[in-house]
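**Student:** Input query_22.txt, format and content: compact mmCIF, C-alpha atoms.
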# COMPACT_ATOMS: atom_id res chain seq x y z
CA MET A 13 90.84 61.62 59.65
CA ASN A 14 87.94 63.29 57.86
CA LEU A 15 87.38 67.03 57.49
CA ILE A 16 85.15 67.35 60.58
CA GLU A 17 87.66 65.55 62.78
CA LEU A 18 90.43 67.78 61.40
CA LEU A 19 88.44 70.93 62.16
CA ILE A 20 87.64 69.73 65.69
CA SER A 21 91.31 68.85 66.29
CA SER A 22 92.44 72.27 65.04
CA LEU A 23 89.84 74.00 67.20
CA LEU A 24 90.88 72.11 70.32
CA GLY A 25 94.53 72.82 69.57
CA GLY A 26 93.77 76.53 69.23
CA ILE A 27 91.88 76.57 72.53
CA ILE A 28 94.75 74.82 74.31
CA LEU A 29 97.27 77.23 72.78
CA ILE A 30 95.21 80.26 73.86
CA SER A 31 94.88 78.82 77.38
CA ILE A 32 98.65 78.24 77.63
CA THR A 33 99.37 81.77 76.32
CA GLN A 34 96.97 83.37 78.81
CA SER A 35 98.37 81.29 81.67
CA GLY A 36 101.91 82.29 80.72
CA TYR A 37 100.90 85.96 80.57
CA HIS A 38 99.35 85.79 84.05
CA VAL A 39 102.49 84.13 85.41
CA TYR A 40 104.60 86.86 83.78
CA GLN A 41 102.38 89.57 85.30
CA SER A 42 102.65 87.98 88.74
CA ILE A 43 106.45 87.74 88.57
CA GLU A 44 106.74 91.28 87.19
CA GLY A 45 104.53 92.59 90.02
CA GLN A 46 106.59 90.83 92.69
CA LEU A 47 109.85 92.17 91.24
CA THR A 48 108.40 95.70 91.12
CA ARG A 49 107.24 95.54 94.74
CA VAL A 50 110.64 94.19 95.86
CA THR A 51 112.39 97.03 94.01
CA LEU A 52 110.06 99.63 95.52
CA HIS A 53 110.56 98.17 98.99
CA ASN A 54 114.36 98.13 98.73
CA GLU A 55 114.58 101.67 97.34
CA GLY A 56 112.05 103.05 99.82
CA LEU A 57 113.71 101.31 102.77
CA GLN A 58 117.14 102.61 101.77
CA ALA A 59 115.81 106.18 101.55
CA ILE A 60 113.93 105.95 104.85
CA GLN A 61 117.02 104.59 106.61
CA MET A 62 119.03 107.53 105.29
CA MET A 63 116.43 109.90 106.75
CA GLY A 64 116.57 107.95 110.01
CA ARG A 65 120.33 108.41 110.28
CA ALA A 66 119.92 112.14 109.74
CA ILE A 67 117.29 112.28 112.52
CA GLN A 68 119.19 110.15 115.02
CA THR A 69 122.54 111.88 114.55
CA ALA A 70 121.19 115.42 114.36
CA SER A 71 122.79 117.89 116.75
CA LEU A 72 123.91 121.47 117.09
CA PRO A 73 127.03 123.08 118.62
CA LYS A 74 127.32 122.99 122.41
CA GLY A 75 124.90 125.33 124.12
CA ALA A 76 122.46 125.45 121.22
CA THR A 77 118.91 124.09 121.34
CA PHE A 78 118.35 120.80 119.56
CA ARG A 79 115.81 121.06 116.75
CA VAL A 80 114.46 118.79 114.08
CA MET A 81 112.03 120.84 112.06
CA ALA A 82 109.23 119.54 109.86
CA LYS A 83 106.39 121.17 107.97
CA ASP A 84 103.29 119.82 106.32
CA THR A 85 102.39 120.39 102.66
CA SER A 86 105.77 121.78 101.77
CA GLY A 87 109.11 121.43 100.07
CA MET A 88 112.46 123.08 100.69
CA SER A 89 113.58 126.39 99.22
CA ASN A 90 116.26 126.06 96.56
CA SER A 91 117.88 129.34 97.57
CA GLN A 92 117.71 129.58 101.38
CA THR A 93 118.95 126.99 103.86
CA ALA A 94 116.31 125.48 106.16
CA GLN A 95 113.49 127.49 104.60
CA PHE A 96 110.20 125.75 103.86
CA GLN A 97 108.29 126.46 100.69
CA VAL A 98 104.57 125.76 100.92
CA ARG A 99 103.15 124.03 97.87
CA LYS A 100 99.38 123.73 97.70
CA GLY A 101 97.17 121.66 95.43
CA SER A 102 98.56 118.99 93.13
CA ALA A 103 102.11 120.37 93.45
CA SER A 104 102.20 119.28 97.09
CA LEU A 105 102.03 115.56 96.25
CA ASP A 106 99.16 114.64 98.54
CA GLY A 107 100.20 117.17 101.18
CA SER A 108 103.70 115.72 101.56
CA ASP A 109 105.81 116.93 104.46
CA ALA A 110 109.41 118.11 104.41
CA PHE A 111 111.96 118.24 107.21
CA TYR A 112 115.54 119.23 107.89
CA THR A 113 118.21 118.49 110.47
CA HIS A 114 121.51 120.06 111.49
CA HIS A 115 124.67 118.30 112.61
CA ALA A 116 127.56 119.81 114.55
CA ASP A 117 130.00 117.95 112.30
CA GLU A 118 130.47 120.26 109.31
CA ALA A 119 131.22 117.25 107.09
CA ILE A 120 127.57 116.25 107.60
CA GLY A 121 126.06 119.64 108.37
CA TYR A 122 122.63 120.48 107.02
CA GLN A 123 120.39 117.79 105.52
CA ALA A 124 116.84 118.27 104.27
CA PHE A 125 114.36 115.83 102.74
CA PHE A 126 111.36 116.69 100.56
CA VAL A 127 109.25 115.37 97.69
CA GLN A 128 108.48 117.09 94.41
CA TYR A 129 107.42 116.24 90.87
CA GLN A 130 109.96 115.52 88.15
CA GLY A 131 109.37 115.10 84.43
CA HIS A 132 106.47 116.12 82.22
CA TYR A 133 103.00 114.84 81.39
CA GLU A 134 102.74 111.04 81.48
CA GLN A 135 106.39 110.74 82.56
CA ARG A 136 105.91 112.97 85.62
CA GLU A 137 106.42 111.28 88.98
CA GLY A 138 107.17 112.14 92.59
CA VAL A 139 110.81 112.04 93.63
CA LEU A 140 112.30 112.13 97.14
CA TYR A 141 115.20 114.58 97.30
CA LEU A 142 118.06 115.13 99.73
CA GLN A 143 119.17 118.76 100.02
CA THR A 144 122.68 119.52 101.28
CA LYS A 145 125.35 122.19 100.99
CA ASN A 146 128.30 121.73 98.67
CA LYS A 147 131.87 122.81 99.44
CA LYS A 148 131.10 126.35 98.24
CA GLY A 149 128.13 126.58 100.60
CA HIS A 150 125.55 126.41 97.81
CA LEU A 151 122.43 124.27 98.12
CA GLN A 152 122.19 121.14 95.98
CA ASN A 153 119.35 118.65 95.55
CA ASP A 154 120.08 114.97 94.92
CA ALA A 155 117.36 112.49 93.93
CA LEU A 156 117.12 109.51 96.29
CA VAL A 157 114.16 107.49 95.01
CA GLY A 158 111.39 107.85 92.44
CA HIS A 159 107.79 106.63 92.19
CA VAL A 160 106.91 108.52 95.42
CA GLN A 161 103.26 109.44 95.95
CA SER A 162 103.68 111.13 99.31
CA MET A 163 105.82 111.41 102.44
CA GLN A 164 104.15 112.11 105.78
CA ILE A 165 105.87 113.00 109.05
CA GLN A 166 104.41 112.71 112.55
CA ALA A 167 106.03 113.88 115.77
CA GLY A 168 105.81 111.73 118.89
CA ILE A 169 105.52 113.23 122.37
CA LYS A 170 105.70 111.04 125.46
CA ASN A 171 102.59 110.94 127.63
CA GLY A 172 103.14 108.62 130.59
CA GLN A 173 104.14 105.23 129.18
CA SER A 174 102.75 105.91 125.71
CA ILE A 175 103.55 108.15 122.75
CA GLU A 176 101.03 110.61 121.33
CA TRP A 177 101.46 111.47 117.65
CA TYR A 178 101.00 114.95 116.20
CA GLU A 179 101.05 116.44 112.73
CA PRO A 180 103.85 119.00 112.21
CA TYR A 181 101.43 121.95 112.05
CA GLU A 182 100.01 120.99 115.47
CA LEU A 183 103.33 121.73 117.21
CA SER A 184 104.49 125.18 118.24
CA GLU A 185 107.89 126.81 117.76
CA ARG A 186 107.19 128.87 120.87
CA VAL A 187 106.38 127.68 124.37
CA THR A 188 102.61 127.92 124.89
CA LYS A 189 100.03 126.27 127.13
CA ASN A 190 97.74 125.27 124.30
CA ARG A 191 100.11 123.50 121.92
CA PRO A 192 103.04 121.12 122.45
CA HIS A 193 106.53 122.46 121.72
CA TRP A 194 109.12 120.93 119.39
CA LYS A 195 111.48 120.42 122.33
CA GLU A 196 109.00 117.85 123.72
CA VAL A 197 109.31 115.63 120.64
CA ARG A 198 110.88 112.26 121.40
CA ALA A 199 110.43 110.46 118.07
CA LEU A 200 109.51 111.00 114.44
CA LYS A 201 107.39 108.62 112.35
CA ILE A 202 108.00 108.59 108.60
CA HIS A 203 105.37 107.20 106.24
CA ILE A 204 106.20 106.87 102.52
CA LYS A 205 103.78 105.81 99.79
CA LEU A 206 105.27 104.47 96.55
CA GLN A 207 103.64 103.35 93.33
CA LYS A 208 104.98 102.08 90.00
CA ASN A 209 102.46 101.24 87.31
CA LYS A 210 99.64 99.48 89.22
CA HIS A 211 101.84 98.28 92.07
CA ALA A 212 101.65 100.26 95.33
CA LEU A 213 103.64 99.97 98.54
CA GLU A 214 103.71 101.78 101.90
CA ILE A 215 106.60 101.91 104.36
CA LYS A 216 106.37 103.24 107.93
CA LYS A 217 109.22 103.56 110.39
CA ILE A 218 109.70 105.25 113.78
CA PHE A 219 112.99 106.87 114.79
CA ALA A 220 113.77 107.93 118.36
CA LEU A 221 115.60 111.22 118.77
CA ARG A 222 119.09 110.93 120.19
CA HIS A 223 118.58 113.66 122.80
CA SER A 224 115.54 111.87 124.28
Would you mind writing the file out in structure tokens?

**Tutor:**
Amino acid sequence: MNLIELLISSLLGGIILISITQSGYHVYQSIEGQLTRVTLHNEGLQAIQMMGRAIQTASLPKGATFRVMAKDTSGMSNSQTAQFQVRKGSASLDGSDAFYTHHADEAIGYQAFFVQYQGHYEQREGVLYLQTKNKKGHLQNDALVGHVQSMQIQAGIKNGQSIEWYEPYELSERVTKNRPHWKEVRALKIHIKLQKNKHALEIKKIFALRHS
């Protein structure tokens, strides 16, 4: 083999090696993306099912009015039970909603769900929190899932054989002729957006209210 043939052979070998390396990298990226999406889906689904259980089992002592409250562009107060805290601009995580439920069983009691940022600078991300009361009656926030971009809630009101969906701010806490009342709500739709690195995922689920 002369020098020219050796150079050509080396060049072809280099090209093949580069091609194999690039192919392997693309395969790795594809597998990594699939694993990330599966993880996001499992974590998001687990969190949304937990919210669903809170909605479907919510109740109040006998004689009280059933209420599941939600508010747009808000979080929950860290000092007062069932108090919304409006967060505008970037702090609201794309106008994320928050909601709370009550249960007659004191072992379950008050449960609230909201999204807020955690961390600093490049490490900052949206986290879905569950707010409950501890044994001393103090509020505590527990992180359920990270990588949350937003959580949106819609309230469903029956109109004939169909369901009409409303944003939380469109409903009234008082009986009026112009706006539907919370007592008319028959279902809640939860929509969560998640993203990790460049991989995004959305999960939607509808939960019927037990009193319907």

**Student:** Report, in Å with one decimal, the straight-line distance from atom CA of A:Val157 to atom CA of A:Ile175.

**Tutor:**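 If I compute the distance from atom CA of A:Val157 to atom CA of A:Ile175, I get 29.7 Å.
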
**Student:** Counting all atoms listed in the file, what is within 10 Å of A:Tyr178, bar same-chain residues fewer than 2 positions away, as a list of chain:residue names?

**Tutor:**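 Listing them by chain and then by number gives A:Ile165, A:Gln166, A:Ala167, A:Gly168, A:Ile169, A:Ile175, A:Glu176, A:Pro180, A:Tyr181, A:Glu182, A:Leu183, A:Pro192, A:Val197, A:Leu200, A:Lys201.
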
**Student:** Tell me which protein, DNA and RNA residues are within 8 Å of stretch 121-129 of chain A, counting all atoms listed in the file, leaving out same-chain ones fewer than 4 positions away, and put them as a PyMOL selection string.

**Tutor:** chain A and resi 63+66+86-88+94+103-105+108-117+136-145+160+162-163

**Student:** Given all atoms listed in the file as the basis, pick out the residue of A:Thr85, A:Arg198, A:Ile204, A:Glu55 nearest to A:Phe219.

**Tutor:** A:Arg198
